[in-house]
Amino acid sequence: MRTSFVKPRLSVVLLALVLAACGSSDPETPGPQPDAGTSVPDAGTADAGVPDSGVPDSGTVDAGVPDAGAPDAGAVDAGPEDAGPPLVIPTSLSGFGLFTGSPAAGGLVPVEGNVPYTLSTALFSDYSVKSRTLFIPAGKVAHYQPMDALDLPVGTLITKTFAFPADLRKPDQDVRYIETRVLVRQPSGWEAWPYVWNTEQTEATQATGGRSRDVTFIDLQGNTQAFKYSVPSKNQCQQCHHLQDETGEQVMHPIGVKARYLHHTNTYGGVERDQLEYLASLGKLDGLPAPAELPKAPDAFDPTAADLSTRARTYLDINCAHCHNPKGTAGITSQLFLNIDNANLFTLGECKRPGSAGSGVGGEFDIVPGNHAESILWYRLHTEESGKMMPQIGRVIHHAEGSRLVADWIDSLPPKSCK
């Protein structure tokens, strides 16, 4: 991993954002020109090590040297209490100034202040390998939350880059980048912005209307997988990221940046550090309790990390609970709550009939203890049939390892006759 970072000059980035805001490129048209004034093509490089791919990974990504500053990402606001104008959103990913390099040039490198991170268990996305970064503006700090996502300040930028190696057994070779999603914390709340990588792998361009790309790779069993990968539109991003606030309004929230998924080690500047402790050491996170009090989600696919029930519940928590929880639209409608802290067996799905699953979804009940084959929950995770599979967006093919994990868990439950 390269450990030298280049910090964009403030004047260059500000000029780029102003020109991007005034440009005439149509963001809905594939292949618009990169932002004027941006001299460094950008990306979202997968960090050294194996990025999250829905299968076990070491979680030891070389994140470079400790950050000593932050990229100038436009006129970042001082905070919710004295928020200024919203951040100008560039039409090209490089306009954010978060990375140097490009896939075509041998890789992407987060600039100082744009901190790479991994999740102990990652959301499945068609076996794509994913790399993630978190940028918190200089002078601002995130606040620890025991269960919810970290309370992140205005100006925060979260990136997630999706890529496919030609062969999943060689995840760092012949990698093709597909998209980078950017979550932006504006004064008015969170916004999601998708960027699609060009064929030349030199730039990713805003694609608010979504895109599709033909993808082919060899899976872990040596079989060829070929399908049409869907980049969600800006509006579709809201389907997974919305929660109901205390007033009943639907508001956007991040999903993965929860303490339990961040509480594991990563490599920063050649040194193994706990990711939460590292953010706190940079002055980017406050309120962190003692390590023994921190929640910790295991790697769901490591049998030595936790028991079967905990691992299966963790998988459902990261993959399903952002919608299926008491504040999520799907959870409110179905009363199926898959969040890790739900201890109610009925709302977890045991012998519960779904409100509107329709016919042909594997059975009558969400979970039939002891029998995964008659459980709707397993069927909807396993099927690839549009309109019946879950999640409804974000995947096209099924996750064999995740499906097997959930099946094993349901089969391990004490058998019960739901009828």
# chains A, B, ... in the order shown; residues from 1 in each chain; ligands from 1
>>> residues_around(residues="Ala259 of chain A", least_positions_apart="3", cutoff="7 Å", atoms="only C-alpha atoms", output="list in words")
Pro146, Leu262, His263 and Pro295 of chain A
>>> closest_atom_pairs(of="segment 246-266 of chain A", to="segment 124-134 of chain A", cutoff="12 Å", atoms="only C-alpha atoms", output="CSV")
residue,atom,partner,partner_atom,distance
A:Pro254,CA,A:Leu134,CA,11.4
A:Gly256,CA,A:Arg132,CA,9.8
A:Val257,CA,A:Leu134,CA,9.0
A:Leu262,CA,A:Arg132,CA,11.6
>>> write_last_selection(atoms="N, CA, C and O atoms", output="PDB file, in the first residue's frame")
ATOM      1  N   PRO A 254     -26.830   6.875   7.676  1.00  0.00           N
ATOM      2  CA  PRO A 254     -25.842   5.874   7.267  1.00  0.00           C
ATOM      3  C   PRO A 254     -26.199   4.513   7.866  1.00  0.00           C
ATOM      4  O   PRO A 254     -26.954   4.428   8.838  1.00  0.00           O
ATOM      5  N   GLY A 256     -23.610   1.435   7.823  1.00  0.00           N
ATOM      6  CA  GLY A 256     -22.506   0.609   8.303  1.00  0.00           C
ATOM      7  C   GLY A 256     -21.670   1.184   9.418  1.00  0.00           C
ATOM      8  O   GLY A 256     -20.994   0.436  10.118  1.00  0.00           O
ATOM      9  N   VAL A 257     -21.693   2.512   9.613  1.00  0.00           N
ATOM     10  CA  VAL A 257     -20.772   3.130  10.571  1.00  0.00           C
ATOM     11  C   VAL A 257     -21.322   3.052  11.996  1.00  0.00           C
ATOM     12  O   VAL A 257     -21.525   4.058  12.670  1.00  0.00           O
ATOM     13  N   LEU A 262     -17.389  -1.454  13.635  1.00  0.00           N
ATOM     14  CA  LEU A 262     -16.093  -0.778  13.520  1.00  0.00           C
ATOM     15  C   LEU A 262     -15.106  -1.223  14.589  1.00  0.00           C
ATOM     16  O   LEU A 262     -13.902  -0.973  14.465  1.00  0.00           O
TER      17      LEU A 262
END
>>> select_by_dssp(residues="segment 200-377 of chain A", states="strand (DSSP E or B)", output="PyMOL selection string")
chain A and resi 204-206+211-218+224-231+242-244+250-252+258+265-268+271-274+285-286+350+365+367+375
>>> atom_distance(atom1="atom CA of Phe227 of chain A", atom2="atom CA of Thr180 of chain A")
19.2 Å
